[in-house]
Number of protein chains: 2
Amino acid sequence: MRKGLVEYCILSILARKEAYASSIIEELKNADMIVVEGTLYPLLIRDKNQGLLSYRWVESTQGPPRKYYFITEKGREVLGQMDAAWTDMVKSVEMLKNRE
Amino acid sequence: MRKGLVEYCILSILARKEAYASSIIEELKNADMIVVEGTLYPLLIRDKNQGLLSYRWVESTQGPPRKYYFITEKGREVLGQMDAAWTDMVKSVEMLKNRE
DNA sequence: TTTTAGTACCTTGCGGTACAAAGTATTGAA
DNA sequence: TTCAATACTTTGTACCGCAAGGTACTAAAA
């Protein structure tokens, strides 16, 4: 029951502030949404190739440098559509559940 | 953004009253949720094999007989779990969206 | 200086869901 | 008996998310 949901959540997170993979996973975990690296990395790369995200390297005080991803203008547009789709979907399900 | 969602909706519909495939598709369409035959039939069969659904043949006044599916006790249990999972998921997404 | 531990990024293969498209079967009307 | 409408079924495909394993960089310990 999660198809496309992760991408929506990623864009939502990055719409607020830039972040690197591990920190995104951490934030998702805080919302009780478990996502693993093997899911996240390909997704970030795909969204970057589609122009929804971009990134910059940032040195870390401990460990290797980090890829900080941030959302693009195009990414915000797509996120807006996803917001609408999400709202519609929730509405549809509630409609089905509450139909008498 | 729909994985497992259709199954949840089917069980919700059949929890209220028995129905056959075409009528289920119609009801989903009324809730702005498009599902095609190629999705629905295998799903009904799968759920029947898992004991969540059962069916009976009903003669139709126009056209071939229909398989009327209805939910089983086990199906209601699973539906209850899906309700909980759905609520949790909506809560998680709202939490991510509204953080700050 | 070499090894080890920790952090971060990436790739490959798999399973499952939903879709598209084509096929089979039954009924009743032309 | 042929055609249209209805209903059920099957096959192949695409894509998402997961599991598992691999590469690379840094710093501290041996």
# chains A, B, ... in the order shown; residues from 1 in each chain; ligands from 1
>>> interface_residues(of="chain B", to="chain A", cutoff="10 Å", atoms="only C-alpha atoms", output="ChimeraX atom specification")
/B:1-13,15-16,27-33,82-83,85-86,88-100
>>> residues_around(residues="segment 1-17 of chain C", least_positions_apart="6", cutoff="12 Å", atoms="only C-alpha atoms (C1' of nucleotides)", output="ChimeraX atom specification")
/A:1-4,20-23,37-45,57-68 /B:1-7,38-40,42-43 /D:14-30
>>> write_last_selection(atoms="C-alpha atoms (C1' of nucleotides)", output="compact mmCIF listing (two decimals), in the first residue's frame")
# COMPACT_ATOMS: atom_id res chain seq x y z
CA MET A 1 0.00 0.00 0.00
CA ARG A 2 2.94 2.27 -0.62
CA LYS A 3 3.45 2.68 -4.32
CA GLY A 4 4.84 6.09 -5.17
CA TYR A 20 21.32 13.88 2.50
CA ALA A 21 20.21 10.29 2.26
CA SER A 22 20.83 9.12 5.80
CA SER A 23 19.13 12.14 7.31
CA GLU A 37 18.90 2.66 1.36
CA GLY A 38 18.22 0.35 -1.57
CA THR A 39 14.94 2.17 -2.05
CA LEU A 40 16.09 5.70 -1.42
CA TYR A 41 19.25 6.03 -3.49
CA PRO A 42 17.81 4.92 -6.83
CA LEU A 43 14.84 7.16 -6.18
CA LEU A 44 16.97 10.22 -5.50
CA ILE A 45 19.01 9.56 -8.62
CA TRP A 57 28.54 18.08 -2.08
CA VAL A 58 29.09 19.13 1.50
CA GLU A 59 32.12 18.18 3.57
CA SER A 60 31.39 16.37 6.80
CA THR A 61 33.35 16.78 10.03
CA GLN A 62 33.05 13.05 10.56
CA GLY A 63 33.21 10.70 7.61
CA PRO A 64 33.05 11.14 3.87
CA PRO A 65 31.37 14.08 2.13
CA ARG A 66 27.60 14.09 1.78
CA LYS A 67 25.32 14.67 -1.16
CA TYR A 68 22.82 17.27 -0.02
CA MET B 1 0.77 5.66 -5.21
CA ARG B 2 -1.68 2.80 -5.13
CA LYS B 3 0.03 -0.35 -4.01
CA GLY B 4 -2.35 -2.60 -2.14
CA LEU B 5 -4.92 0.14 -2.19
CA VAL B 6 -7.25 -1.63 -4.57
CA GLU B 7 -7.40 -4.71 -2.38
CA GLY B 38 -7.18 -7.19 -15.57
CA THR B 39 -6.48 -5.88 -12.08
CA LEU B 40 -9.70 -6.86 -10.38
CA PRO B 42 -6.86 -11.84 -10.39
CA LEU B 43 -7.22 -9.97 -7.12
C1' DA D 14 6.29 -1.91 -16.24
C1' DC D 15 7.54 -0.14 -12.18
C1' DC D 16 7.98 0.33 -7.11
C1' DG D 17 10.12 -0.99 -3.02
C1' DC D 18 13.06 -4.44 -0.57
C1' DA D 19 17.11 -7.42 0.49
C1' DA D 20 21.66 -8.03 0.15
C1' DG D 21 26.00 -7.05 -1.13
C1' DG D 22 29.66 -3.86 -2.73
C1' DT D 23 32.68 0.51 -3.11
C1' DA D 24 34.83 4.55 -1.14
C1' DC D 25 36.32 7.97 2.11
C1' DT D 26 37.80 9.41 6.93
C1' DA D 27 39.72 9.01 11.39
C1' DA D 28 41.29 6.52 15.21
C1' DA D 29 43.60 2.40 17.07
C1' DA D 30 47.18 -1.12 16.80
>>> residues_around(residues="DT24 of chain C", least_positions_apart="6", cutoff="12 Å", atoms="only C-alpha atoms (C1' of nucleotides)", output="count of residues only")
4
>>> atom_distance(atom1="atom CA of Glu73 of chain B", atom2="atom CA of Ile34 of chain B")
27.4 Å
>>> atom_distance(atom1="atom CA of Glu18 of chain B", atom2="atom C1' of DT6 of chain D")
18.9 Å
>>> closest_atom_pairs(of="chain C", to="chain B", cutoff="10 Å", atoms="only C-alpha atoms (C1' of nucleotides)", output="JSON lines")
{"residue": "C:DG16", "atom": "C1'", "partner": "B:Lys3", "partner_atom": "CA", "distance": 9.2}
{"residue": "C:DT17", "atom": "C1'", "partner": "B:Lys3", "partner_atom": "CA", "distance": 5.9}
{"residue": "C:DA18", "atom": "C1'", "partner": "B:Thr39", "partner_atom": "CA", "distance": 5.8}
{"residue": "C:DC19", "atom": "C1'", "partner": "B:Thr39", "partner_atom": "CA", "distance": 7.1}
{"residue": "C:DA20", "atom": "C1'", "partner": "B:Gly38", "partner_atom": "CA", "distance": 8.1}
{"residue": "C:DA21", "atom": "C1'", "partner": "B:Gly38", "partner_atom": "CA", "distance": 9.2}
{"residue": "C:DA25", "atom": "C1'", "partner": "B:Pro64", "partner_atom": "CA", "distance": 8.4}
{"residue": "C:DT26", "atom": "C1'", "partner": "B:Pro64", "partner_atom": "CA", "distance": 4.7}
{"residue": "C:DT27", "atom": "C1'", "partner": "B:Gly63", "partner_atom": "CA", "distance": 4.6}
{"residue": "C:DG28", "atom": "C1'", "partner": "B:Gly63", "partner_atom": "CA", "distance": 7.7}
>>> select_by_dssp(residues="chain B", states="alpha helix (DSSP H)", output="NGL selection string")
:B and (5-16 or 21-30 or 37-49 or 73-98)
